[in-house]
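Everything below belongs to start.txt, which stores compact mmCIF, C-alpha atoms.
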```txt
# COMPACT_ATOMS: atom_id res chain seq x y z
CA MET A 27 -48.28 174.33 125.46
CA SER A 28 -48.01 171.18 127.56
CA ARG A 29 -48.68 171.08 131.28
CA TYR A 30 -45.02 170.06 131.77
CA ASP A 31 -43.82 173.15 129.93
CA ASN A 32 -46.02 175.36 132.10
CA LEU A 33 -44.81 173.78 135.34
CA GLU A 34 -41.16 173.73 134.30
CA GLY A 35 -41.27 177.24 132.89
CA ASP A 36 -43.02 178.73 135.91
CA LYS A 37 -40.50 177.03 138.20
CA HIS A 38 -37.52 178.59 136.46
CA VAL A 39 -39.09 181.91 135.42
CA LEU A 40 -40.70 183.76 138.33
CA THR A 41 -42.76 186.94 138.11
CA ALA A 42 -43.35 189.93 140.37
CA SER A 43 -45.67 192.92 140.18
CA ASN A 44 -45.17 196.28 141.84
CA LYS A 45 -47.44 199.16 140.88
CA THR A 46 -46.92 199.69 137.14
CA ALA A 47 -43.80 197.51 136.83
CA ARG A 48 -43.69 193.80 136.03
CA SER A 49 -40.58 191.70 136.59
CA LEU A 50 -39.41 188.45 135.04
CA ILE A 51 -36.91 186.69 137.30
CA LEU A 52 -34.74 183.89 135.91
CA ASN A 53 -34.63 181.17 138.56
CA ARG A 54 -32.37 178.31 137.54
CA PRO A 55 -29.26 179.24 139.54
CA GLN A 56 -27.80 175.73 139.71
CA ALA A 57 -27.37 175.90 135.91
CA LEU A 58 -26.43 179.61 135.82
CA ASN A 59 -29.93 180.22 134.43
CA SER A 60 -29.18 178.38 131.19
CA LEU A 61 -32.26 178.64 129.00
CA THR A 62 -34.50 175.66 128.39
CA LEU A 63 -37.43 175.47 126.00
CA PRO A 64 -40.00 175.72 128.83
CA MET A 65 -38.23 178.86 130.09
CA VAL A 66 -38.33 180.42 126.63
CA LYS A 67 -42.05 179.67 126.36
CA ALA A 68 -42.75 181.07 129.83
CA ILE A 69 -40.90 184.32 129.13
CA MET A 70 -42.79 184.74 125.85
CA ARG A 71 -46.14 184.08 127.52
CA HIS A 72 -45.61 186.67 130.25
CA LEU A 73 -44.28 189.31 127.86
CA GLU A 74 -47.30 188.88 125.61
CA ASP A 75 -49.69 189.28 128.55
CA TRP A 76 -47.92 192.38 129.88
CA GLU A 77 -47.68 194.05 126.49
CA LYS A 78 -51.48 193.98 126.30
CA SER A 79 -52.04 195.03 129.93
CA GLU A 80 -52.97 198.67 130.60
CA LEU A 81 -51.68 198.23 134.16
CA CYS A 82 -48.08 197.60 133.02
CA ASN A 83 -45.82 200.49 132.00
CA VAL A 84 -42.39 198.89 132.19
CA VAL A 85 -40.96 195.36 132.27
CA VAL A 86 -37.82 194.36 134.16
CA LEU A 87 -35.88 191.21 133.26
CA ARG A 88 -33.40 190.05 135.89
CA SER A 89 -31.91 187.05 137.64
CA ASN A 90 -32.12 185.78 141.21
CA SER A 91 -28.48 184.71 141.02
CA GLU A 92 -25.47 186.88 141.81
CA LYS A 93 -23.33 184.72 139.52
CA ALA A 94 -25.34 184.86 136.34
CA PHE A 95 -28.05 186.66 134.48
CA CYS A 96 -28.11 183.80 131.97
CA ALA A 97 -25.05 181.84 130.86
CA GLY A 98 -26.59 180.65 127.58
CA GLY A 99 -28.96 178.11 126.14
CA ASP A 100 -29.01 174.48 127.23
CA VAL A 101 -27.12 173.27 124.16
CA VAL A 102 -26.21 169.98 125.81
CA GLN A 103 -29.87 168.98 125.81
CA VAL A 104 -30.34 170.28 122.26
CA SER A 105 -27.40 168.17 121.07
CA LYS A 106 -28.73 165.07 122.83
CA THR A 107 -32.14 165.58 121.29
CA TRP A 108 -30.71 165.97 117.79
CA LYS A 109 -28.48 162.90 118.09
CA SER A 110 -31.47 160.85 119.25
CA GLY A 111 -33.05 161.50 115.88
CA ALA A 112 -35.64 164.03 117.10
CA HIS A 113 -34.43 166.74 114.74
CA ALA A 114 -37.67 168.75 114.70
CA GLN A 115 -37.76 168.79 118.50
CA ALA A 116 -34.16 170.02 118.67
CA MET A 117 -34.88 172.78 116.19
CA GLU A 118 -37.96 173.86 118.14
CA PHE A 119 -35.66 175.28 120.82
CA PHE A 120 -33.90 177.57 118.34
CA ARG A 121 -37.13 178.46 116.57
CA LYS A 122 -38.82 179.53 119.80
CA GLU A 123 -35.69 181.23 121.14
CA TYR A 124 -35.12 183.33 118.01
CA ARG A 125 -38.80 184.23 117.90
CA LEU A 126 -38.45 185.49 121.48
CA ASN A 127 -35.32 187.47 120.57
CA HIS A 128 -37.23 189.17 117.75
CA TYR A 129 -40.19 189.88 120.04
CA ILE A 130 -37.94 191.55 122.62
CA ALA A 131 -36.35 193.66 119.87
CA SER A 132 -39.78 194.88 118.75
CA TYR A 133 -41.52 194.98 122.16
CA ALA A 134 -44.03 197.81 122.50
CA LYS A 135 -43.17 198.80 126.08
CA PRO A 136 -39.92 199.77 127.83
CA LEU A 137 -38.01 196.63 128.76
CA VAL A 138 -35.08 196.90 131.19
CA ALA A 139 -32.63 193.98 131.31
CA MET A 140 -30.43 193.94 134.42
CA ILE A 141 -27.46 191.90 133.25
CA GLY A 142 -25.35 191.25 136.33
CA GLY A 143 -23.09 188.20 136.33
CA TYR A 144 -22.51 185.89 133.37
CA THR A 145 -24.44 187.03 130.31
CA MET A 146 -23.53 184.74 127.44
CA GLY A 147 -25.13 183.19 124.37
CA GLY A 148 -28.84 182.87 125.03
CA GLY A 149 -28.55 185.36 127.89
CA VAL A 150 -27.25 187.93 125.44
CA GLY A 151 -30.26 187.23 123.21
CA LEU A 152 -32.61 187.96 126.11
CA SER A 153 -30.97 191.30 126.85
CA VAL A 154 -29.07 192.90 124.00
CA HIS A 155 -32.19 193.57 121.90
CA ALA A 156 -33.94 195.39 124.77
CA PRO A 157 -33.89 199.20 124.68
CA PHE A 158 -32.33 199.32 128.17
CA ARG A 159 -29.45 197.04 129.24
CA VAL A 160 -28.02 197.71 132.68
CA ALA A 161 -24.55 196.32 133.40
CA THR A 162 -22.97 196.09 136.86
CA GLU A 163 -19.51 195.47 138.27
CA SER A 164 -20.24 191.71 138.10
CA SER A 165 -21.31 191.62 134.44
CA VAL A 166 -19.43 189.21 132.18
CA PHE A 167 -20.40 189.25 128.51
CA ALA A 168 -19.26 186.72 125.91
CA MET A 169 -20.36 184.98 122.73
CA PRO A 170 -18.15 181.84 122.93
CA GLU A 171 -19.97 179.71 120.37
CA THR A 172 -17.02 179.10 118.03
CA LYS A 173 -15.39 177.25 120.92
CA ILE A 174 -18.12 174.60 120.80
CA GLY A 175 -18.31 174.35 117.01
CA PHE A 176 -21.37 176.58 116.68
CA PHE A 177 -21.67 180.26 115.66
CA PRO A 178 -22.79 183.43 117.50
CA ASP A 179 -26.57 183.36 117.27
CA VAL A 180 -29.60 184.88 119.10
CA GLY A 181 -29.37 187.88 116.78
CA ALA A 182 -25.58 188.27 116.87
CA THR A 183 -25.66 188.48 113.08
CA PHE A 184 -27.40 191.81 113.63
CA PHE A 185 -25.93 193.29 116.81
CA LEU A 186 -22.27 192.22 116.57
CA SER A 187 -22.00 193.56 113.02
CA ARG A 188 -23.15 196.99 114.26
CA LEU A 189 -20.63 197.51 117.06
CA ASP A 190 -17.81 200.04 116.67
CA GLY A 191 -15.22 199.18 114.03
CA GLU A 192 -14.32 195.49 114.05
CA THR A 193 -15.21 194.99 117.72
CA GLY A 194 -18.10 192.66 116.88
CA THR A 195 -16.01 190.54 114.53
CA TYR A 196 -13.33 190.19 117.20
CA LEU A 197 -15.82 189.26 119.92
CA GLY A 198 -17.68 186.81 117.67
CA LEU A 199 -14.60 184.95 116.49
CA THR A 200 -12.59 184.83 119.74
CA GLY A 201 -15.36 184.62 122.37
CA GLN A 202 -13.44 187.30 124.30
CA GLN A 203 -15.08 188.29 127.57
CA LEU A 204 -16.06 191.85 128.44
CA ARG A 205 -16.55 192.83 132.07
CA GLY A 206 -18.28 195.59 134.00
CA ARG A 207 -17.97 198.99 132.30
CA ASP A 208 -16.58 197.29 129.18
CA LEU A 209 -20.16 196.50 128.24
CA LEU A 210 -21.12 200.19 128.34
CA TYR A 211 -18.21 201.40 126.20
CA ALA A 212 -18.57 198.55 123.70
CA GLY A 213 -22.29 199.27 123.19
CA ILE A 214 -23.55 196.03 124.73
CA ALA A 215 -25.06 197.86 127.72
CA THR A 216 -26.82 201.22 127.75
CA HIS A 217 -26.12 202.00 131.43
CA TYR A 218 -23.76 201.02 134.24
CA VAL A 219 -25.30 200.77 137.71
CA PRO A 220 -23.60 199.22 140.77
CA SER A 221 -25.42 196.04 141.78
CA GLU A 222 -26.19 197.38 145.26
CA ARG A 223 -28.38 200.05 143.62
CA LEU A 224 -30.46 197.67 141.48
CA PRO A 225 -33.20 196.98 144.08
CA ASN A 226 -33.83 200.72 144.47
CA LEU A 227 -33.75 201.17 140.71
CA GLU A 228 -36.44 198.53 140.33
CA LEU A 229 -38.55 200.33 142.93
CA ARG A 230 -38.01 203.62 141.09
CA LEU A 231 -39.17 202.11 137.81
CA ALA A 232 -42.34 200.89 139.52
CA GLU A 233 -43.20 204.48 140.42
CA LEU A 234 -43.28 205.68 136.82
CA ASP A 235 -46.77 206.61 135.68
CA SER A 236 -45.94 206.54 131.98
CA PRO A 237 -44.42 204.02 129.55
CA ASN A 238 -42.38 206.88 128.04
CA TYR A 239 -38.91 205.66 127.05
CA ASP A 240 -37.18 208.95 127.82
CA ILE A 241 -38.62 208.98 131.32
CA VAL A 242 -37.41 205.40 131.89
CA ASN A 243 -33.97 206.39 130.62
CA GLU A 244 -33.81 209.34 133.00
CA ALA A 245 -34.86 207.13 135.91
CA ILE A 246 -32.07 204.63 135.20
CA GLU A 247 -29.55 207.44 134.76
CA GLU A 248 -30.34 208.59 138.31
CA PHE A 249 -28.66 205.42 139.57
CA ALA A 250 -25.74 205.32 137.12
CA ALA A 251 -22.27 205.54 138.64
CA GLN A 252 -19.28 207.61 137.59
CA PRO A 253 -15.99 205.69 137.31
CA GLU A 254 -13.58 206.10 140.21
CA ASP A 255 -10.92 207.57 137.91
CA LEU A 256 -12.62 210.37 135.97
CA GLY A 257 -9.58 210.90 133.77
CA LYS A 258 -9.31 207.32 132.52
CA LEU A 259 -11.42 205.27 130.12
CA ASP A 260 -11.73 201.99 132.02
CA TYR A 261 -12.34 199.90 128.90
CA SER A 262 -10.28 196.73 128.56
CA LEU A 263 -10.21 196.95 124.74
CA ALA A 264 -9.11 200.60 124.63
CA GLY A 265 -5.43 199.81 124.17
CA VAL A 266 -5.98 197.27 121.39
CA ARG A 267 -8.87 198.79 119.43
CA GLY A 268 -6.59 200.01 116.67
CA SER A 269 -5.08 196.54 116.39
CA ILE A 270 -8.52 194.94 116.36
CA ASP A 271 -9.62 197.14 113.47
CA ARG A 272 -6.42 196.50 111.53
CA CYS A 273 -6.38 192.74 111.98
CA PHE A 274 -10.08 191.83 111.87
CA ARG A 275 -11.15 193.97 108.88
CA PHE A 276 -10.46 191.22 106.35
CA LYS A 277 -12.96 188.88 104.70
CA SER A 278 -10.99 185.67 105.17
CA MET A 279 -9.66 183.94 108.29
CA GLU A 280 -6.35 183.38 106.55
CA SER A 281 -5.92 187.15 106.09
CA ILE A 282 -6.89 187.82 109.70
CA ILE A 283 -4.33 185.32 110.99
CA GLU A 284 -1.69 186.79 108.70
CA ALA A 285 -2.45 190.31 109.94
CA LEU A 286 -2.16 189.16 113.55
CA LYS A 287 1.23 187.60 112.79
CA HIS A 288 2.48 190.94 111.49
CA GLU A 289 0.86 193.18 114.12
CA THR A 290 3.56 195.27 115.78
CA GLU A 291 1.70 197.75 117.97
CA ASN A 292 0.30 195.05 120.30
CA ARG A 293 2.49 192.07 119.53
CA GLU A 294 1.77 190.11 122.73
CA TRP A 295 -1.98 190.58 122.34
CA ALA A 296 -1.77 189.44 118.72
CA GLN A 297 0.11 186.25 119.57
CA LYS A 298 -2.37 185.41 122.33
CA THR A 299 -5.24 186.04 119.93
CA ILE A 300 -3.76 183.62 117.38
CA LYS A 301 -3.55 180.94 120.08
CA VAL A 302 -7.17 181.56 121.04
CA LEU A 303 -8.33 181.23 117.43
CA GLU A 304 -6.36 177.99 117.07
CA GLU A 305 -8.54 176.47 119.81
CA MET A 306 -11.78 177.22 117.99
CA SER A 307 -13.54 175.10 115.40
CA PRO A 308 -11.96 176.12 112.08
CA SER A 309 -15.22 175.69 110.20
CA SER A 310 -17.06 177.72 112.85
CA LEU A 311 -14.59 180.57 112.43
CA LYS A 312 -15.09 180.74 108.67
CA LEU A 313 -18.85 180.38 109.05
CA THR A 314 -18.99 183.15 111.67
CA LEU A 315 -16.89 185.57 109.64
CA GLU A 316 -19.16 185.20 106.60
CA GLN A 317 -22.26 185.42 108.80
CA LEU A 318 -21.15 188.73 110.34
CA HIS A 319 -20.20 190.22 106.99
CA GLN A 320 -23.65 189.38 105.65
CA GLY A 321 -25.22 190.77 108.80
CA THR A 322 -24.24 194.33 107.97
CA HIS A 323 -26.79 194.28 105.12
CA LEU A 324 -29.62 192.39 106.85
CA ASP A 325 -32.53 193.68 108.88
CA ILE A 326 -33.36 192.09 112.24
CA THR A 327 -35.89 189.69 110.72
CA GLN A 328 -33.54 188.54 107.96
CA ALA A 329 -30.68 188.12 110.45
CA LEU A 330 -32.64 185.80 112.74
CA ALA A 331 -34.08 183.87 109.80
CA LEU A 332 -30.54 183.31 108.53
CA GLU A 333 -29.46 182.09 111.98
CA LEU A 334 -32.26 179.53 112.09
CA HIS A 335 -31.12 178.26 108.69
CA LEU A 336 -27.49 178.09 109.89
CA ALA A 337 -28.45 176.42 113.17
CA GLU A 338 -30.17 173.54 111.41
CA LYS A 339 -27.20 173.13 109.08
CA ARG A 340 -24.79 173.25 112.01
CA LEU A 341 -26.70 170.66 114.02
CA GLY A 342 -26.04 168.28 111.16
CA SER A 343 -22.30 168.90 111.38
CA HIS A 344 -19.60 166.99 113.24
CA ASP A 345 -18.00 169.96 114.99
CA MET A 346 -21.00 171.23 116.95
CA HIS A 347 -21.63 167.93 118.73
CA GLU A 348 -17.92 167.27 119.16
CA GLY A 349 -17.40 170.70 120.72
CA ILE A 350 -20.33 170.34 123.09
CA ASP A 351 -19.21 166.87 124.13
CA ALA A 352 -15.57 167.85 124.69
CA LEU A 353 -16.19 171.09 126.55
CA LEU A 354 -19.52 170.59 128.30
CA VAL A 355 -20.06 166.83 128.67
CA ARG A 356 -16.67 165.07 128.81
CA LYS A 357 -15.06 168.36 129.89
CA THR A 358 -11.74 167.17 128.48
CA LYS A 359 -11.36 170.37 126.43
CA ASP A 360 -9.78 168.40 123.59
CA PRO A 361 -12.24 168.58 120.68
CA LYS A 362 -11.20 166.86 117.47
CA TRP A 363 -12.30 169.30 114.81
CA ASP A 364 -13.05 168.18 111.26
CA PRO A 365 -11.44 169.73 109.28
CA PRO A 366 -8.74 170.26 111.93
CA THR A 367 -7.21 173.47 110.56
CA ILE A 368 -8.37 176.73 108.99
CA ALA A 369 -6.38 175.99 105.83
CA GLU A 370 -8.27 172.72 105.32
CA VAL A 371 -11.71 174.35 105.43
CA ASP A 372 -12.71 174.95 101.82
CA MET A 373 -14.58 178.25 101.86
CA ASP A 374 -16.30 177.59 98.55
CA ASP A 375 -17.73 174.33 99.91
CA LEU A 376 -18.72 175.95 103.20
CA PHE A 377 -20.46 178.82 101.43
CA THR A 378 -22.36 176.36 99.23
CA ASP A 379 -23.41 174.27 102.23
CA TYR A 380 -24.50 177.14 104.49
CA PHE A 381 -25.26 180.25 102.45
CA ALA A 382 -26.02 179.37 98.83
CA SER A 383 -29.44 177.79 99.39
CA PRO A 384 -32.45 180.06 100.05
CA VAL A 385 -33.21 180.82 103.68
CA SER A 386 -36.42 179.08 104.78
CA SER A 387 -39.38 181.12 106.00
CA ALA A 388 -40.03 178.56 108.74
CA LEU A 389 -39.35 181.17 111.44
CA VAL A 390 -42.69 182.88 112.05
CA PHE A 391 -42.30 186.10 114.07
CA LYS A 392 -45.02 187.59 116.19
CA LYS A 393 -44.36 191.02 114.70
CA ILE A 394 -43.48 190.29 111.12
CA ASP A 395 -43.45 194.00 110.18
CA ALA A 396 -40.55 194.74 112.58
CA ARG A 397 -37.83 194.76 109.93
CA PHE A 398 -35.55 197.57 111.09
CA THR A 399 -31.88 197.81 110.11
CA GLU A 400 -31.00 199.81 113.24
CA TYR A 401 -32.50 199.40 116.70
CA PRO A 402 -35.52 201.71 117.10
CA HIS A 403 -34.34 203.02 120.49
CA LYS A 404 -30.91 204.39 121.25
CA PHE A 405 -30.01 204.97 124.88
CA GLY A 406 -26.39 203.82 124.97
CA LEU A 407 -23.26 205.90 124.47
CA PRO A 408 -22.41 207.55 121.13
CA THR A 409 -20.87 205.21 118.59
CA GLU A 410 -17.80 205.84 116.46
CA THR A 411 -20.14 206.37 113.52
CA ASP A 412 -22.02 209.06 115.48
CA VAL A 413 -18.78 210.91 116.17
CA MET A 414 -17.53 210.48 112.59
CA ASN A 415 -20.78 211.85 111.17
CA LEU A 416 -20.48 214.96 113.31
CA VAL A 417 -16.83 215.58 112.53
CA THR A 418 -17.28 215.02 108.79
CA GLY A 419 -20.50 217.02 108.46
CA LYS A 420 -22.82 214.07 107.81
CA ASN A 421 -25.03 214.84 110.81
CA PRO A 422 -27.86 216.98 109.38
CA GLN A 423 -28.68 218.41 112.82
CA ALA A 424 -25.14 219.56 113.53
CA GLY A 425 -24.68 222.45 111.12
CA ASP A 426 -21.11 223.39 110.28
CA PHE A 427 -18.79 220.40 110.30
CA MET A 428 -15.53 222.19 111.02
CA ARG A 429 -15.56 221.75 114.77
CA THR A 430 -12.98 221.83 117.53
CA ARG A 431 -12.49 219.02 120.01
CA GLU A 432 -14.29 220.99 122.71
CA GLU A 433 -17.24 221.68 120.43
CA VAL A 434 -17.61 218.01 119.52
CA ILE A 435 -17.54 216.90 123.15
CA ASN A 436 -19.98 219.63 124.17
CA PHE A 437 -22.34 218.68 121.34
CA PHE A 438 -22.59 215.08 122.51
CA GLY A 439 -22.82 216.19 126.14
CA ARG A 440 -25.93 218.18 125.24
CA GLU A 441 -27.41 215.57 122.92
CA PHE A 442 -27.05 212.85 125.55
CA ALA A 443 -28.11 215.09 128.45
CA GLY A 444 -24.90 214.66 130.41
CA LYS A 445 -25.11 210.86 130.33
CA VAL A 446 -22.41 209.12 132.37
CA GLY A 447 -19.59 207.96 130.09
CA VAL A 448 -20.27 210.23 127.10
CA VAL A 449 -17.39 212.65 127.63
CA ARG A 450 -14.84 209.89 128.21
CA LYS A 451 -15.89 207.77 125.24
CA VAL A 452 -16.17 210.68 122.79
CA GLY A 453 -12.80 212.04 123.93
CA TRP A 454 -11.21 208.61 123.44
CA ILE A 455 -12.68 208.29 119.93
CA LEU A 456 -11.38 211.73 119.02
CA ASP A 457 -7.91 210.81 120.31
CA ARG A 458 -7.84 207.73 118.08
CA LYS A 459 -9.67 208.85 114.97
CA THR A 460 -9.08 212.60 114.47
CA ARG A 461 -6.35 215.17 114.16
CA VAL A 462 -6.29 218.95 114.12
CA ALA A 463 -6.55 220.34 110.60
CA TYR A 464 -3.43 222.06 109.32
CA ASP A 465 -5.15 225.47 108.99
CA GLY A 466 -6.76 225.84 112.42
CA ASP A 467 -8.23 224.21 115.53
CA ALA A 468 -10.98 222.21 113.81
CA LEU A 469 -10.78 218.43 113.70
CA GLU A 470 -10.60 216.20 110.67
CA TRP A 471 -11.35 212.48 110.59
CA ILE A 472 -8.49 210.09 109.94
CA LYS A 473 -9.64 207.58 107.33
CA GLN A 474 -6.83 205.10 107.77
CA VAL A 475 -7.00 202.59 110.62
```
Can you give me the file's structure in the form of structure tokens?
Amino acid sequence: MSRYDNLEGDKHVLTASNKTARSLILNRPQALNSLTLPMVKAIMRHLEDWEKSELCNVVVLRSNSEKAFCAGGDVVQVSKTWKSGAHAQAMEFFRKEYRLNHYIASYAKPLVAMIGGYTMGGGVGLSVHAPFRVATESSVFAMPETKIGFFPDVGATFFLSRLDGETGTYLGLTGQQLRGRDLLYAGIATHYVPSERLPNLELRLAELDSPNYDIVNEAIEEFAAQPEDLGKLDYSLAGVRGSIDRCFRFKSMESIIEALKHETENREWAQKTIKVLEEMSPSSLKLTLEQLHQGTHLDITQALALELHLAEKRLGSHDMHEGIDALLVRKTKDPKWDPPTIAEVDMDDLFTDYFASPVSSALVFKKIDARFTEYPHKFGLPTETDVMNLVTGKNPQAGDFMRTREEVINFFGREFAGKVGVVRKVGWILDRKTRVAYDGDALEWIKQV
């Protein structure tokens, strides 16, 4: 590592120690903490040191800015580097960033990401793979890459494809923002803590005398906040989730657009969504849809290796540089996509260009054996799959599967130790996805969207 990288990284990534806790503090507020290569290297270096240290039980990753945790990677610089002909140097950013994402996903100690403010792109990669992700009232999540001619990366192939229903597909294609408690109900965050409580939470974590994940979870839960309206699920996607699943379940962009045109339950939302998609790079949309469909079958290592392959291919495209220039450099917001429409993007050609060739093994992970298909730690709210498995009898620990609504809610209340948000989310899922069986009070799962 060069002396410049050390100086630049240490300037923009600060550290703090308090008893058994170690904190990484992103410190590039003028750029909303956008990640640079020196920052990526600095974060990796500190995490490696702390993982080996017997004096460290828990790591906190946070920002010194109220506006942003991290608004993404510095893609403007990456684009400039590529266009200058330094292709290997441009790819080094993605190679190091994805290696860091994988390391966070397989880190051997509890890692708590406090994701207040803008958390987008590269900022998502720093946080979403951690076992604990704490959202606040200021949190703004988004993966807006299709808007700049790229694709959702930093492990999005893995995590977006595992969100409830078609939520991940919708978020990946549209770049839709989620705010505050949205992150908890969508599965992006594991906890919701008001920002005014975060300093005390960090102090509480420093008092823990064990790196036990359950103890860390209980400590965070002490600071979690109930919603003001206990009878309402304050989730911005709640009213359109059925429409999202209906319209975004298809394997082609043409079919998704057609479904949106014929959506009747949320007509206004559907028309707005079509307009949003029309602003995105058509080739990015088709690339992203195929990427997320493949992601359901890939482990974390395969997903990130695929993304490195796609990133190099995309850097050689017209749309990525055009999108970055139009939105982030010229700021005219008038990119000239090529091809200009979804209909003109030949999917067979795109598949051949991006997915047909073998994925290179150039991405060397620190923990090559970490090849899980589901995250090893689960501290967020129950997923739709969790609820479905209980209702349909596929949960081996649940016993009889003919259960009433009250029994299902009580089961998850016990399993998640009264975690804030469990009752509201499980109740909402049951309202949408179950009905009372004709011969009694037990619930049955509705298979149709």
### Option closest in space to Phe249 in chain A, from A:Ala161, A:Leu336, A:Leu313, A:Leu234 [counting only C-alpha atoms]
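Comparing A:Ala161, A:Leu336, A:Leu313, A:Leu234 against Phe249 in chain A, the winner is A:Ala161.
Interatomic distance, CA of Tyr239 in chain A against CA of Gly148 in chain A: 25.0 Å.
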Please, which residues in range 188-245 of chain A fall within 9 Å of range 78-89 of chain A when counting all atoms listed in the file, and what is the closest atom pair and distance in Å to one decimal for each, ordered by chain then residue number, as a Markdown table?
```
| residue | atom | partner | partner_atom | distance |
| --- | --- | --- | --- | --- |
| A:Glu228 | CA | A:Val86 | CA | 7.6 |
| A:Leu231 | CA | A:Val84 | CA | 7.2 |
| A:Ala232 | CA | A:Val84 | CA | 7.6 |
| A:Leu234 | CA | A:Asn83 | CA | 7.5 |
| A:Asp235 | CA | A:Asn83 | CA | 7.2 |
| A:Ser236 | CA | A:Asn83 | CA | 6.1 |
| A:Pro237 | CA | A:Asn83 | CA | 4.5 |
| A:Asn238 | CA | A:Asn83 | CA | 8.3 |
| A:Val242 | CA | A:Val84 | CA | 8.2 |
```
Sel. within 7 Å of pt (-18.4, 212.4, 126.1), counting only C-alpha atoms, output as a compact mmCIF listing (two decimals) with C-alpha atoms, in the frame of the given file:
```txt
# COMPACT_ATOMS: atom_id res chain seq x y z
CA ILE A 435 -17.54 216.90 123.15
CA PHE A 438 -22.59 215.08 122.51
CA GLY A 439 -22.82 216.19 126.14
CA GLY A 447 -19.59 207.96 130.09
CA VAL A 448 -20.27 210.23 127.10
CA VAL A 449 -17.39 212.65 127.63
CA ARG A 450 -14.84 209.89 128.21
CA LYS A 451 -15.89 207.77 125.24
CA VAL A 452 -16.17 210.68 122.79
CA GLY A 453 -12.80 212.04 123.93
```
### Test item: residues at most 12 Å from His113 in chain A, only C-alpha atoms, excluding those fewer than 6 positions along its chain, as a PyMOL selection string
chain A and resi 104-107+119-120+337-342
Give, as AutoDock Vina command-line options, the centre coordinates and the x, y and z edge lengths in Å to one decimal for an axis-aligned box around all listed atoms of range 242-246 of chain A, padded by 8 Å on each side.
```
--center_x -34.7 --center_y 207.0 --center_z 133.3 --size_x 21.3 --size_y 20.7 --size_z 21.3
```
### Message
Please determine, counting all atoms listed in the file, which residue among A:Lys135, A:His319, A:Arg429, A:Arg205 has the shortest atom-to-atom distance to Asp467 in chain A.
### Response
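Closest residue, counting all atoms listed in the file: A:Arg429.
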### Message
Between CA of Met169 in chain A and CA of Gly198 in chain A, what distance in Å does the model show, to one decimal?
### Response
6.0 Å
### Query
Got a sec: who's within 9 Å of Arg275 in chain A, counting only C-alpha atoms, leaving out chain neighbours fewer than 3 positions off, as a list in words?
Gly191, Glu192, Thr195, Ile270, Asp271, Arg272 and Ile282 of chain A
Just-selected residues, C-alpha atoms written as a short mmCIF file (atom, residue, chain, number, x, y, z; two decimals), in the frame of the given file:
```cif
data_model
loop_
_atom_site.label_atom_id
_atom_site.label_comp_id
_atom_site.auth_asym_id
_atom_site.auth_seq_id
_atom_site.Cartn_x
_atom_site.Cartn_y
_atom_site.Cartn_z
CA GLY A 191 -15.22 199.18 114.03
CA GLU A 192 -14.32 195.49 114.05
CA THR A 195 -16.01 190.54 114.53
CA ILE A 270 -8.52 194.94 116.36
CA ASP A 271 -9.62 197.14 113.47
CA ARG A 272 -6.42 196.50 111.53
CA ILE A 282 -6.89 187.82 109.70
#
```
### Message
Let me make sure I understand: among A:Ala68, A:Leu407, A:Leu303, A:Leu286, which one has the smallest atom-to-atom distance to Ser269 in chain A if we use only C-alpha atoms?
### Response
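Among A:Ala68, A:Leu407, A:Leu303, A:Leu286, it is A:Leu286 that comes nearest to Ser269 in chain A.
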#### Entry: Interatomic distance (Å, one decimal) between CA of Gly444 in chain A and CA of Pro253 in chain A
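The value is 14.4 Å.
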### Task
Pick out the closest residue to Ala215 in chain A from this set: A:Asn53, A:Ser165, A:Gln115, A:Gln252. Count all atoms listed in the file.
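The closest residue to Ala215 in chain A is A:Ser165.
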### Query
Using only C-alpha atoms, which of A:Tyr133, A:Phe95, A:Tyr124, A:Tyr464 sits nearest Ala396 in chain A?
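Closest residue, counting only C-alpha atoms: A:Tyr133.
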### Query
From the list A:Phe185, A:Tyr211, A:Trp295, A:Tyr196, which residue is nearest Thr409 in chain A when using only C-alpha atoms?
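Using only C-alpha atoms, Thr409 in chain A sits closest to A:Tyr211.
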### Selection: 8 Å around Glu333 in chain A, only C-alpha atoms, excl. self and same-chain fewer than 4 positions, as a list of chain:residue names
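Surrounding residues, per the criterion: A:Asp179, A:Val180, A:Gly181, A:Thr183, A:Ala329, A:Ala337.
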### Message
Applying 9 Å and all atoms listed in the file, which residues near Glu289 in chain A remain after dropping the ones on its own chain fewer than 4 positions away? List them as a list in words.
### Response
Ser269, Arg272, Cys273, Glu284, Ala285, Arg293, Ala296 and Gln297 of chain A
Deliver the residues from the most recent selection as a file, using C-alpha atoms, as a compact mmCIF listing (two decimals), keeping the file's coordinate frame.
```
# COMPACT_ATOMS: atom_id res chain seq x y z
CA SER A 269 -5.08 196.54 116.39
CA ARG A 272 -6.42 196.50 111.53
CA CYS A 273 -6.38 192.74 111.98
CA GLU A 284 -1.69 186.79 108.70
CA ALA A 285 -2.45 190.31 109.94
CA ARG A 293 2.49 192.07 119.53
CA ALA A 296 -1.77 189.44 118.72
CA GLN A 297 0.11 186.25 119.57
```
### Message
Report as a ChimeraX atom specification all protein, DNA and RNA residues lying within 12 Å of Glu163 in chain A, evaluated on all atoms listed in the file, omitting residues in the same chain fewer than 2 positions from it.
### Response
/A:92-93,140-144,160-161,165-167,204-210,217-224,250-251,253,260
